[in-house]
Structure formats: C-alpha cells, structure tokens
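Structure file start12.cif (mmCIF, C-alpha atoms) follows.
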data_final
#
loop_
_atom_site.group_PDB
_atom_site.id
_atom_site.type_symbol
_atom_site.label_atom_id
_atom_site.label_comp_id
_atom_site.auth_asym_id
_atom_site.auth_seq_id
_atom_site.Cartn_x
_atom_site.Cartn_y
_atom_site.Cartn_z
ATOM 1 C CA MET A 1 181.007 -54.394 -157.652
ATOM 2 C CA GLU A 2 180.506 -57.837 -159.133
ATOM 3 C CA PHE A 3 176.778 -57.514 -158.463
ATOM 4 C CA LEU A 4 176.642 -54.190 -160.351
ATOM 5 C CA TYR A 5 178.628 -55.671 -163.238
ATOM 6 C CA HIS A 6 176.230 -58.606 -163.668
ATOM 7 C CA TYR A 7 173.238 -56.337 -163.237
ATOM 8 C CA GLY A 8 174.528 -53.913 -165.897
ATOM 9 C CA LEU A 9 175.271 -56.786 -168.251
ATOM 10 C CA PHE A 10 171.791 -58.140 -167.745
ATOM 11 C CA LEU A 11 170.215 -54.766 -168.536
ATOM 12 C CA ALA A 12 172.362 -54.336 -171.643
ATOM 13 C CA LYS A 13 171.290 -57.749 -172.938
ATOM 14 C CA ALA A 14 167.652 -57.021 -172.200
ATOM 15 C CA VAL A 15 167.639 -53.612 -173.887
ATOM 16 C CA THR A 16 169.509 -54.909 -176.948
ATOM 17 C CA LEU A 17 167.163 -57.858 -177.377
ATOM 18 C CA VAL A 18 164.019 -55.758 -176.955
ATOM 19 C CA LEU A 19 165.244 -53.157 -179.481
ATOM 20 C CA CYS A 20 166.024 -55.861 -182.017
ATOM 21 C CA ILE A 21 162.615 -57.481 -181.564
ATOM 22 C CA ALA A 22 160.844 -54.122 -181.804
ATOM 23 C CA PHE A 23 162.707 -53.280 -185.026
ATOM 24 C CA ILE A 24 161.780 -56.616 -186.600
ATOM 25 C CA LEU A 25 158.164 -56.195 -185.527
ATOM 26 C CA ILE A 26 157.994 -52.755 -187.112
ATOM 27 C CA LEU A 27 159.268 -54.147 -190.423
ATOM 28 C CA VAL A 28 156.945 -57.167 -190.395
ATOM 29 C CA ILE A 29 153.801 -55.334 -189.328
ATOM 30 C CA SER A 30 154.439 -52.442 -191.683
ATOM 31 C CA SER A 31 154.791 -54.803 -194.636
ATOM 32 C CA ARG A 32 151.628 -56.670 -193.658
ATOM 33 C CA GLN A 33 149.661 -53.514 -193.096
ATOM 34 C CA LYS A 34 150.376 -52.341 -196.643
ATOM 35 C CA GLY A 35 148.473 -55.338 -197.937
ATOM 36 C CA GLN A 36 145.633 -55.099 -195.428
ATOM 37 C CA LYS A 37 142.975 -52.567 -196.237
ATOM 38 C CA ALA A 38 139.924 -51.639 -194.263
ATOM 39 C CA GLY A 39 136.753 -52.229 -196.181
ATOM 40 C CA LEU A 40 133.568 -54.144 -196.773
ATOM 41 C CA GLU A 41 133.353 -57.904 -196.865
ATOM 42 C CA PHE A 42 130.429 -59.827 -198.328
ATOM 43 C CA THR A 43 129.810 -63.468 -197.410
ATOM 44 C CA ASP A 44 127.292 -65.588 -199.293
ATOM 45 C CA LEU A 45 125.725 -67.415 -196.347
ATOM 46 C CA SER A 46 123.302 -69.224 -198.653
ATOM 47 C CA ALA A 47 126.190 -70.800 -200.541
ATOM 48 C CA ASP A 48 127.924 -71.712 -197.279
ATOM 49 C CA TYR A 49 124.733 -73.362 -196.012
ATOM 50 C CA LYS A 50 124.252 -75.402 -199.202
ATOM 51 C CA GLU A 51 127.855 -76.523 -199.143
ATOM 52 C CA GLN A 52 127.546 -77.622 -195.532
ATOM 53 C CA GLN A 53 124.289 -79.428 -196.270
ATOM 54 C CA LEU A 54 125.908 -81.192 -199.211
ATOM 55 C CA GLU A 55 128.901 -82.353 -197.161
ATOM 56 C CA ILE A 56 126.719 -83.716 -194.348
ATOM 57 C CA GLN A 57 124.418 -85.630 -196.705
ATOM 58 C CA GLN A 58 127.425 -87.092 -198.498
ATOM 59 C CA GLN A 59 128.754 -88.385 -195.192
ATOM 60 C CA LEU A 60 125.425 -89.803 -194.003
ATOM 61 C CA LEU A 61 124.037 -91.361 -197.185
ATOM 62 C CA ASP A 62 125.372 -94.144 -199.374
ATOM 63 C CA LYS A 63 126.300 -93.263 -202.949
ATOM 64 C CA LYS A 64 122.954 -94.248 -204.462
ATOM 65 C CA ALA A 65 120.883 -92.406 -201.855
ATOM 66 C CA PHE A 66 123.148 -89.378 -202.113
ATOM 67 C CA LYS A 67 122.692 -89.194 -205.884
ATOM 68 C CA GLN A 68 118.922 -89.411 -205.485
ATOM 69 C CA TRP A 69 118.927 -86.702 -202.830
ATOM 70 C CA LYS A 70 121.127 -84.482 -205.001
ATOM 71 C CA LYS A 71 118.751 -84.852 -207.952
ATOM 72 C CA SER A 72 115.799 -83.924 -205.730
ATOM 73 C CA GLN A 73 117.354 -80.579 -204.830
ATOM 74 C CA PRO A 74 116.093 -77.551 -206.765
ATOM 75 C CA ASP A 75 118.474 -76.133 -209.347
ATOM 76 C CA ASP A 76 119.030 -72.491 -208.404
ATOM 77 C CA LYS A 77 121.393 -71.740 -211.259
ATOM 78 C CA GLY A 78 120.240 -68.625 -213.045
ATOM 79 C CA ARG A 79 117.559 -67.955 -210.433
ATOM 80 C CA THR A 80 119.731 -66.245 -207.863
ATOM 81 C CA ALA A 81 119.044 -62.809 -209.297
ATOM 82 C CA GLU A 82 115.298 -63.417 -208.991
ATOM 83 C CA LYS A 83 115.400 -64.142 -205.262
ATOM 84 C CA PRO A 84 114.815 -61.407 -202.698
ATOM 85 C CA ARG A 85 117.890 -60.782 -200.580
ATOM 86 C CA LEU A 86 118.403 -60.870 -196.849
ATOM 87 C CA PHE A 87 121.347 -58.737 -195.759
ATOM 88 C CA VAL A 88 122.784 -59.794 -192.403
ATOM 89 C CA ILE A 89 124.621 -57.323 -190.166
ATOM 90 C CA ASN A 90 126.215 -58.224 -186.832
ATOM 91 C CA PHE A 91 126.412 -55.569 -184.125
ATOM 92 C CA ASN A 92 128.201 -56.437 -180.877
ATOM 93 C CA GLY A 93 128.090 -53.166 -178.980
ATOM 94 C CA SER A 94 130.403 -51.963 -176.231
ATOM 95 C CA ILE A 95 129.922 -49.208 -173.653
ATOM 96 C CA ASP A 96 131.257 -46.445 -175.909
ATOM 97 C CA ALA A 97 129.433 -47.814 -178.991
ATOM 98 C CA HIS A 98 132.513 -47.350 -181.186
ATOM 99 C CA GLU A 99 131.145 -50.176 -183.371
ATOM 100 C CA VAL A 100 128.844 -47.580 -184.937
ATOM 101 C CA GLU A 101 131.757 -46.640 -187.227
ATOM 102 C CA ALA A 102 131.485 -50.032 -188.927
ATOM 103 C CA LEU A 103 127.675 -50.036 -188.773
ATOM 104 C CA ARG A 104 127.369 -46.793 -190.718
ATOM 105 C CA GLU A 105 129.506 -48.268 -193.531
ATOM 106 C CA GLU A 106 127.488 -51.495 -193.572
ATOM 107 C CA VAL A 107 124.162 -49.655 -193.710
ATOM 108 C CA THR A 108 125.428 -47.383 -196.487
ATOM 109 C CA ALA A 109 126.517 -50.436 -198.495
ATOM 110 C CA VAL A 110 123.106 -52.071 -198.112
ATOM 111 C CA LEU A 111 121.301 -48.885 -199.078
ATOM 112 C CA ALA A 112 123.327 -48.748 -202.281
ATOM 113 C CA VAL A 113 121.728 -51.957 -203.599
ATOM 114 C CA ALA A 114 118.694 -52.939 -201.491
ATOM 115 C CA THR A 115 115.083 -52.473 -202.515
ATOM 116 C CA ALA A 116 111.807 -52.728 -200.656
ATOM 117 C CA ALA A 117 111.654 -56.386 -201.758
ATOM 118 C CA ASP A 118 114.777 -57.149 -199.741
ATOM 119 C CA GLU A 119 115.259 -57.297 -195.973
ATOM 120 C CA VAL A 120 117.931 -56.539 -193.389
ATOM 121 C CA LEU A 121 118.552 -58.719 -190.345
ATOM 122 C CA VAL A 122 120.626 -57.170 -187.551
ATOM 123 C CA ARG A 123 121.940 -59.682 -185.055
ATOM 124 C CA LEU A 124 122.220 -57.371 -182.085
ATOM 125 C CA GLU A 125 124.090 -57.916 -178.854
ATOM 126 C CA SER A 126 124.616 -55.019 -176.470
ATOM 127 C CA PRO A 127 124.089 -54.168 -172.790
ATOM 128 C CA GLY A 128 123.932 -50.482 -173.697
ATOM 129 C CA GLY A 129 126.263 -47.588 -173.021
ATOM 130 C CA VAL A 130 126.679 -43.892 -173.755
ATOM 131 C CA VAL A 131 123.544 -42.108 -174.938
ATOM 132 C CA HIS A 132 125.102 -40.230 -177.844
ATOM 133 C CA GLY A 133 126.830 -43.358 -179.185
ATOM 134 C CA TYR A 134 123.728 -45.525 -179.166
ATOM 135 C CA GLY A 135 121.606 -42.636 -180.373
ATOM 136 C CA LEU A 136 123.799 -42.515 -183.479
ATOM 137 C CA ALA A 137 123.647 -46.313 -183.857
ATOM 138 C CA ALA A 138 119.843 -46.181 -183.726
ATOM 139 C CA SER A 139 119.891 -43.407 -186.325
ATOM 140 C CA GLN A 140 121.894 -45.641 -188.654
ATOM 141 C CA LEU A 141 119.147 -48.284 -188.479
ATOM 142 C CA GLU A 142 116.539 -45.549 -188.958
ATOM 143 C CA ARG A 143 118.099 -44.894 -192.369
ATOM 144 C CA LEU A 144 116.872 -48.328 -193.486
ATOM 145 C CA ARG A 145 113.330 -47.648 -192.314
ATOM 146 C CA GLN A 146 113.275 -44.313 -194.115
ATOM 147 C CA ARG A 147 114.005 -46.130 -197.368
ATOM 148 C CA ASN A 148 111.169 -48.630 -196.675
ATOM 149 C CA ILE A 149 113.548 -51.562 -196.383
ATOM 150 C CA PRO A 150 112.128 -54.137 -193.934
ATOM 151 C CA LEU A 151 114.293 -54.425 -190.825
ATOM 152 C CA THR A 152 114.353 -57.314 -188.375
ATOM 153 C CA VAL A 153 116.432 -57.269 -185.200
ATOM 154 C CA ALA A 154 117.406 -60.576 -183.578
ATOM 155 C CA VAL A 155 118.444 -60.668 -179.927
ATOM 156 C CA ASP A 156 120.132 -63.930 -178.958
ATOM 157 C CA LYS A 157 121.722 -62.770 -175.695
ATOM 158 C CA VAL A 158 121.123 -59.167 -174.686
ATOM 159 C CA ALA A 159 119.657 -55.909 -175.992
ATOM 160 C CA ALA A 160 119.346 -53.646 -172.992
ATOM 161 C CA SER A 161 119.263 -49.883 -172.531
ATOM 162 C CA GLY A 162 121.001 -48.443 -175.616
ATOM 163 C CA GLY A 163 120.807 -51.892 -177.167
ATOM 164 C CA TYR A 164 117.020 -51.793 -176.934
ATOM 165 C CA MET A 165 117.059 -48.218 -178.244
ATOM 166 C CA MET A 166 118.495 -49.719 -181.421
ATOM 167 C CA ALA A 167 116.181 -52.742 -181.440
ATOM 168 C CA CYS A 168 112.967 -50.743 -181.201
ATOM 169 C CA ILE A 169 113.664 -49.223 -184.638
ATOM 170 C CA ALA A 170 112.916 -52.563 -186.318
ATOM 171 C CA ASN A 171 109.714 -53.614 -188.029
ATOM 172 C CA SER A 172 110.021 -56.824 -186.043
ATOM 173 C CA ILE A 173 112.067 -57.919 -183.029
ATOM 174 C CA ILE A 174 112.783 -61.581 -182.390
ATOM 175 C CA ALA A 175 114.482 -62.831 -179.235
ATOM 176 C CA ALA A 176 115.719 -66.072 -177.734
ATOM 177 C CA PRO A 177 113.623 -67.188 -174.746
ATOM 178 C CA PHE A 178 116.304 -66.263 -172.203
ATOM 179 C CA ALA A 179 117.736 -63.224 -173.948
ATOM 180 C CA ILE A 180 117.864 -60.110 -171.734
ATOM 181 C CA VAL A 181 115.689 -57.308 -173.067
ATOM 182 C CA GLY A 182 114.614 -53.879 -171.848
ATOM 183 C CA SER A 183 116.363 -51.726 -169.246
ATOM 184 C CA ILE A 184 114.729 -48.556 -170.539
ATOM 185 C CA GLY A 185 116.353 -46.267 -168.026
ATOM 186 C CA VAL A 186 119.338 -44.008 -167.439
ATOM 187 C CA VAL A 187 122.109 -44.426 -164.877
ATOM 188 C CA ALA A 188 125.168 -42.395 -163.903
ATOM 189 C CA GLN A 189 127.600 -42.765 -161.026
ATOM 190 C CA LEU A 190 130.989 -41.428 -160.066
ATOM 191 C CA PRO A 191 133.209 -41.555 -156.988
ATOM 192 C CA ASN A 192 133.935 -38.466 -154.913
ATOM 193 C CA PHE A 193 137.261 -38.123 -153.103
ATOM 194 C CA HIS A 194 136.596 -34.788 -151.430
ATOM 195 C CA LYS A 195 136.495 -36.117 -147.864
ATOM 196 C CA LEU A 196 139.674 -38.138 -148.378
ATOM 197 C CA LEU A 197 141.513 -35.134 -149.799
ATOM 198 C CA LYS A 198 140.241 -32.878 -147.048
ATOM 199 C CA LYS A 199 141.443 -35.346 -144.413
ATOM 200 C CA ASN A 200 144.919 -35.136 -145.931
ATOM 201 C CA HIS A 201 144.764 -31.329 -146.164
ATOM 202 C CA ILE A 202 144.563 -31.271 -149.947
ATOM 203 C CA ASP A 203 142.415 -28.604 -151.565
ATOM 204 C CA VAL A 204 140.889 -28.846 -155.044
ATOM 205 C CA GLU A 205 139.780 -25.598 -156.631
ATOM 206 C CA GLN A 206 137.375 -25.700 -159.560
ATOM 207 C CA PHE A 207 136.686 -22.742 -161.844
ATOM 208 C CA THR A 208 133.776 -22.626 -164.295
ATOM 209 C CA ALA A 209 132.017 -20.063 -166.463
ATOM 210 C CA GLY A 210 128.311 -20.811 -166.352
ATOM 211 C CA GLU A 211 126.387 -21.839 -163.274
ATOM 212 C CA PHE A 212 125.940 -25.450 -164.329
ATOM 213 C CA LYS A 213 129.051 -25.994 -166.433
ATOM 214 C CA ARG A 214 129.968 -28.673 -163.901
ATOM 215 C CA THR A 215 127.158 -30.056 -161.730
ATOM 216 C CA VAL A 216 128.992 -32.827 -159.865
ATOM 217 C CA THR A 217 132.696 -33.538 -159.665
ATOM 218 C CA VAL A 218 135.085 -36.250 -158.551
ATOM 219 C CA PHE A 219 137.439 -34.162 -156.401
ATOM 220 C CA ALA A 220 135.663 -30.998 -155.259
ATOM 221 C CA GLU A 221 132.799 -30.834 -152.781
ATOM 222 C CA ASN A 222 129.439 -31.431 -154.448
ATOM 223 C CA THR A 223 126.525 -29.160 -153.603
ATOM 224 C CA ASP A 224 122.839 -30.027 -153.224
ATOM 225 C CA LYS A 225 122.060 -27.640 -156.056
ATOM 226 C CA GLY A 226 124.548 -29.390 -158.311
ATOM 227 C CA ARG A 227 123.135 -32.812 -157.428
ATOM 228 C CA GLN A 228 119.593 -31.637 -158.149
ATOM 229 C CA LYS A 229 120.630 -30.286 -161.532
ATOM 230 C CA PHE A 230 122.425 -33.521 -162.386
ATOM 231 C CA GLN A 231 119.356 -35.564 -161.411
ATOM 232 C CA GLN A 232 117.199 -33.257 -163.526
ATOM 233 C CA GLU A 233 119.415 -33.925 -166.523
ATOM 234 C CA LEU A 234 119.073 -37.686 -165.977
ATOM 235 C CA GLU A 235 115.288 -37.372 -165.814
ATOM 236 C CA GLN A 236 115.243 -35.364 -169.046
ATOM 237 C CA THR A 237 117.373 -37.994 -170.776
ATOM 238 C CA HIS A 238 115.060 -40.734 -169.518
ATOM 239 C CA LEU A 239 112.036 -38.849 -170.840
ATOM 240 C CA LEU A 240 113.642 -38.557 -174.272
ATOM 241 C CA PHE A 241 114.444 -42.285 -174.168
ATOM 242 C CA LYS A 242 110.846 -43.164 -173.284
ATOM 243 C CA ASP A 243 109.432 -40.937 -176.034
ATOM 244 C CA PHE A 244 111.818 -42.469 -178.560
ATOM 245 C CA VAL A 245 110.800 -46.039 -177.714
ATOM 246 C CA ALA A 246 107.087 -45.197 -177.564
ATOM 247 C CA ARG A 247 107.231 -43.544 -180.981
ATOM 248 C CA HIS A 248 108.795 -46.595 -182.605
ATOM 249 C CA ARG A 249 106.803 -49.226 -180.687
ATOM 250 C CA PRO A 250 103.366 -47.728 -180.030
ATOM 251 C CA VAL A 251 102.040 -51.140 -178.899
ATOM 252 C CA LEU A 252 103.990 -50.776 -175.653
ATOM 253 C CA ASP A 253 102.625 -49.597 -172.328
ATOM 254 C CA ILE A 254 105.646 -47.344 -172.008
ATOM 255 C CA ASP A 255 105.123 -46.399 -168.365
ATOM 256 C CA LYS A 256 105.010 -50.080 -167.452
ATOM 257 C CA VAL A 257 108.234 -51.048 -169.217
ATOM 258 C CA ALA A 258 110.316 -47.860 -168.859
ATOM 259 C CA THR A 259 111.239 -48.490 -165.229
ATOM 260 C CA GLY A 260 114.842 -49.452 -165.890
ATOM 261 C CA GLU A 261 114.042 -53.136 -165.392
ATOM 262 C CA HIS A 262 115.057 -55.878 -167.782
ATOM 263 C CA TRP A 263 113.228 -59.075 -168.681
ATOM 264 C CA PHE A 264 113.955 -62.441 -170.253
ATOM 265 C CA GLY A 265 112.732 -63.061 -173.764
ATOM 266 C CA TYR A 266 109.561 -64.936 -172.871
ATOM 267 C CA GLN A 267 108.602 -62.168 -170.410
ATOM 268 C CA ALA A 268 109.479 -59.500 -172.963
ATOM 269 C CA LYS A 269 107.125 -61.194 -175.437
ATOM 270 C CA GLU A 270 104.227 -60.865 -172.998
ATOM 271 C CA LEU A 271 105.065 -57.188 -172.482
ATOM 272 C CA GLN A 272 105.314 -56.719 -176.295
ATOM 273 C CA LEU A 273 108.917 -55.589 -176.066
ATOM 274 C CA VAL A 274 109.589 -58.256 -178.705
ATOM 275 C CA ASP A 275 107.333 -59.753 -181.363
ATOM 276 C CA LYS A 276 108.456 -63.377 -181.522
ATOM 277 C CA LEU A 277 110.520 -65.921 -179.615
ATOM 278 C CA GLN A 278 113.098 -67.244 -182.038
ATOM 279 C CA THR A 279 116.858 -67.408 -182.368
ATOM 280 C CA SER A 280 118.679 -65.747 -185.234
ATOM 281 C CA ASP A 281 119.874 -69.211 -186.299
ATOM 282 C CA ASP A 282 116.320 -70.446 -186.862
ATOM 283 C CA TYR A 283 115.418 -67.218 -188.632
ATOM 284 C CA LEU A 284 118.305 -67.715 -191.044
ATOM 285 C CA LEU A 285 117.438 -71.377 -191.515
ATOM 286 C CA ASP A 286 113.950 -70.382 -192.658
ATOM 287 C CA SER A 287 115.344 -67.648 -194.897
ATOM 288 C CA TYR A 288 117.699 -69.985 -196.774
ATOM 289 C CA GLN A 289 114.696 -71.648 -198.382
ATOM 290 C CA HIS A 290 113.476 -68.621 -200.317
ATOM 291 C CA LYS A 291 116.058 -65.833 -200.039
ATOM 292 C CA LEU A 292 119.632 -65.122 -200.987
ATOM 293 C CA VAL A 293 121.319 -64.520 -197.628
ATOM 294 C CA VAL A 294 124.380 -62.276 -197.664
ATOM 295 C CA GLN A 295 126.367 -61.123 -194.645
ATOM 296 C CA VAL A 296 127.766 -57.606 -194.810
ATOM 297 C CA SER A 297 130.652 -56.605 -192.553
ATOM 298 C CA TYR A 298 133.045 -53.690 -192.457
ATOM 299 C CA GLN A 299 136.514 -54.348 -191.107
ATOM 300 C CA LEU A 300 138.156 -51.438 -189.341
ATOM 301 C CA LYS A 301 141.892 -51.242 -189.918
ATOM 302 C CA ALA A 302 143.872 -51.411 -186.684
ATOM 303 C CA LYS A 303 146.428 -48.643 -186.292
ATOM 304 C CA LEU A 304 150.085 -49.580 -186.508
ATOM 305 C CA ALA A 305 150.721 -48.191 -183.033
ATOM 306 C CA GLU A 306 148.000 -50.412 -181.558
ATOM 307 C CA ARG A 307 149.419 -53.541 -183.191
ATOM 308 C CA LEU A 308 152.957 -52.664 -182.183
ATOM 309 C CA GLY A 309 151.878 -51.991 -178.617
ATOM 310 C CA LEU A 310 150.384 -55.451 -178.163
ATOM 311 C CA ALA A 311 153.172 -57.211 -180.028
ATOM 312 C CA ALA A 312 155.935 -55.323 -178.217
ATOM 313 C CA ALA A 313 154.400 -55.984 -174.809
ATOM 314 C CA SER A 314 154.312 -59.700 -175.534
ATOM 315 C CA ALA A 315 157.877 -59.657 -176.878
ATOM 316 C CA VAL A 316 159.220 -57.783 -173.853
ATOM 317 C CA HIS A 317 157.550 -60.212 -171.464
ATOM 318 C CA LYS A 318 159.003 -63.244 -173.279
ATOM 319 C CA ALA A 319 162.456 -61.652 -173.500
ATOM 320 C CA TRP A 320 162.434 -60.825 -169.804
ATOM 321 C CA LEU A 321 161.549 -64.396 -168.836
ATOM 322 C CA LYS A 322 164.211 -65.833 -171.127
ATOM 323 C CA LEU A 323 166.967 -63.586 -169.824
ATOM 324 C CA ALA A 324 165.947 -64.160 -166.244
ATOM 325 C CA GLN A 325 166.304 -67.909 -166.746
ATOM 326 C CA GLN A 326 169.708 -67.542 -168.413
ATOM 327 C CA THR A 327 171.169 -65.239 -165.751
ATOM 328 C CA GLY A 328 169.600 -66.944 -162.779
ATOM 329 C CA TRP A 329 167.332 -63.993 -161.929
ATOM 330 C CA HIS A 330 163.844 -64.953 -160.808
#
When written as structure tokens, how does the structure in this file appear?
Amino acid sequence: MEFLYHYGLFLAKAVTLVLCIAFILILVISSRQKGQKAGLEFTDLSADYKEQQLEIQQQLLDKKAFKQWKKSQPDDKGRTAEKPRLFVINFNGSIDAHEVEALREEVTAVLAVATAADEVLVRLESPGGVVHGYGLAASQLERLRQRNIPLTVAVDKVAASGGYMMACIANSIIAAPFAIVGSIGVVAQLPNFHKLLKKNHIDVEQFTAGEFKRTVTVFAENTDKGRQKFQQELEQTHLLFKDFVARHRPVLDIDKVATGEHWFGYQAKELQLVDKLQTSDDYLLDSYQHKLVVQVSYQLKAKLAERLGLAAASAVHKAWLKLAQQTGWH
C-alpha cells in the first residue's frame, strides 16, 4: 500500500507540473506568435560586405593607412539606384520539396521589381525527391526565364535528381569542384509484408475500381502484371525527365548523362552538366564590385501546435527527470 501511495503521489506531482508548464507555454508562445508574421525579408548583402571589409581594414591598418584606404574607396552614395541588382535566393530542398512554398513567394517578389538588366542567383542544395514537388519548384524558376531575367544557379554541395531538374532551368550553372551533380533518373521502392502475414495466417484484401488503380502494394500479394505496369510508369517518368533536361540544356548528350549516375563538379563540367567551376561565395564576391546584391527570403510561420509540441516534449522530459531525482525513481 505504501508503494501505491508514493506512486500515486509521484504521478499527481508529475501531471500537475506538466499541466502548469503547458499552460505557461501556451500563454508565452501565443503572445509571441501575435508579433511574428510570416513574410518576405530583404537583406542588403552589399552593405554587409562593405561593413565587414571596413571593420577588417580598420583592424589591420594603422590610422593613417586606414584613412588613405578609406579615401581610395569609391563613393557609392546616390549611385545605388543606377547599379544593376543581383537577387539572391537560397533553396535547401528536402524529399517532399515543401520549400517550394517559400520559393514561389520569393520569385513573385523578384518579378515585381526585377528587369532584364538585373539577375537572380539561386544557391541550390538538394538531393532530389518527389517528382511533382520538384516539378513545381522548377516551374517557379521557369517564371524568371519567361520574363527574360537572367538566372544563375550555384551548386556548392549537391543538385541531384529533382535538384538538377531545377538547376537545368538556369541560363548558367556554376558548381564547386566536388559538388554532386546529375542523377537524372527515377527510383521507387517499397517493402512487401505479404509472406510474413501469410505465415501468421493474416489475410489482406484489397478492393479497387480500375485495373491499375493500385499496381503494387505493401501488404497484399503483388502480381507480375502489376509490377510491369509500375515499371512502365517509372520509365515514362524517366522519359519526361530526360526530355525536360534536354529541352533546357540542348548542349547535353542526354543519353550519356541520363543514366541515373551522379558526378562531381569537375566531371560534370566535362559532361556539360554545368558551365563553370566556381563557388557561390566567389560569384558573390565578384558581383559586389558592380552590382547591388540583395538576398530575398520568405519566412514561413510555424503553426502554434508545432511549436507547442516541441516545447511541451522538452518540458515533459525535464519535469520527469527532476521528479525522478526528487522521489528517488531512476
């Protein structure tokens, strides 16, 4: 009985503490969220670069040399409006390509002000993912080309599969020497538990309307006809992928590069998958000299439930450890 008493007391303390923490979190996060709005952010990278350059020179040079250097710098006051602009967009893609929601807002913002004298640099990093997601992402970049706005894609780490589908839209693709590029192919895989279920005398019945509504399945027995149809669909998707890349980069020997393989940047240059070996950092460094460089980013607002979920999980874990130490439970 004493054991049950202590155990019940422990649970009561734990539940009370967790509820209090959760209530406080709801109040705090709700109040913060009211002041946090999703939207576009513009960062003057040119100004940031000049400020950094100024600080470094001030640290390295003596006062006299610093004054001389400062006088030697061109005075850009009043000339900013005359400079062509380079709009920088970062795209770090995941498997489901949900980042396209921010990309579409960023592209729309650029289109509202950019002219053919300006340029867009997309710093792209993605191993690829779902076809429809990356197809939409590529279409967003196509909007820039349709308005005759020069587009450069920089690949510092990886642009494979759907990532390369996006990259091939650009007027020019630059890549770091060891960036991973290519993977023009299609892959699909799924487990099948039919034999395991059958061994344990478990039946799975599947009902469809339409012969190929479901070609392969996880639980039911797959048929040769279903597998053939599924493979046919993969081949058709691959053909569309190849045609898409070939249309946007006619310099490619598409049959040579559309094998599903990937290459490092210096190999990709030889195969004409990319146009130049260069990092995005060096590209920006060159651009600072004659362009106004502005980064455009769209911040998606996290849902209250998502924030509460992470915060509550952390709070519960900490509360549990604290109570366990106080009551002697380990």
Taking the file as shown, find all residues satisfying the PyMOL selection byres ((chain A and resi 273-290) around 10) and write them as number ranges by chain.
-> A: 45-47, 49-50, 83-86, 88, 121-124, 152-157, 164, 167-168, 171-179, 181-182, 245, 249, 251-254, 257, 263, 265-272, 291-293
Atom pair CA of Val218 (chain A) / CA of Gln206 (chain A): separation (Å) =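 Between CA of Val218 (chain A) and CA of Gln206 (chain A) the gap is 10.8 Å.
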Looking at only C-alpha atoms, which of A:Leu111, A:Ala258, A:Leu141, A:Met166 is the one that sits closest to Ile184 (chain A)?
-> A:Ala258
Please, what distance in Å, to one decimal, runs between CA of Asn192 (chain A) and CA of Val130 (chain A)?
->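 CA of Val130 (chain A) lies at a distance of 20.9 Å from CA of Asn192 (chain A).
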Between CA of Lys198 (chain A) and CA of Lys225 (chain A), what is the distance, to one decimal in Å?
-> 21.0 Å
Using only C-alpha atoms, which residues sit within 6 Å of Ser126 (chain A) once same-chain residues fewer than 2 positions away are excluded, as a list in words?
-> Asn92, Gly93, Gly128, Val158, Ala159 and Gly163 of chain A
Selection result for the PyMOL selection byres ((chain A and resi 230) around 12) on this file, as number ranges by chain = A: 187-190, 212-217, 222-229, 231-237
May I ask which of the residues A:Met165, A:Phe87, A:Gly129, A:Ala112 is the closest one to Asp44 (chain A), counting all atoms listed in the file?
->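 Of A:Met165, A:Phe87, A:Gly129, A:Ala112, the one nearest Asp44 (chain A) is A:Phe87, counting all atoms listed in the file.
Using all atoms listed in the file for every distance, the candidate list A:Ala114, A:Val120, A:Val294, A:Ile180 yields A:Ile180 as the residue closest to Glu261 (chain A).
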Distance query Gln73 (chain A) at most 12 Å, all atoms listed in the file, self and fewer than 2 positions along chain excluded, as an MDAnalysis selection string | chainID A and resid 50 53:54 57 66:71 75:77 289
Between A:Thr43, A:Ile169, A:Lys195, A:Ala160, which is the closest to Arg247 (chain A) once you count all atoms listed in the file?
->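 Checking each of A:Thr43, A:Ile169, A:Lys195, A:Ala160 against Arg247 (chain A), counting all atoms listed in the file, the winner is A:Ile169.
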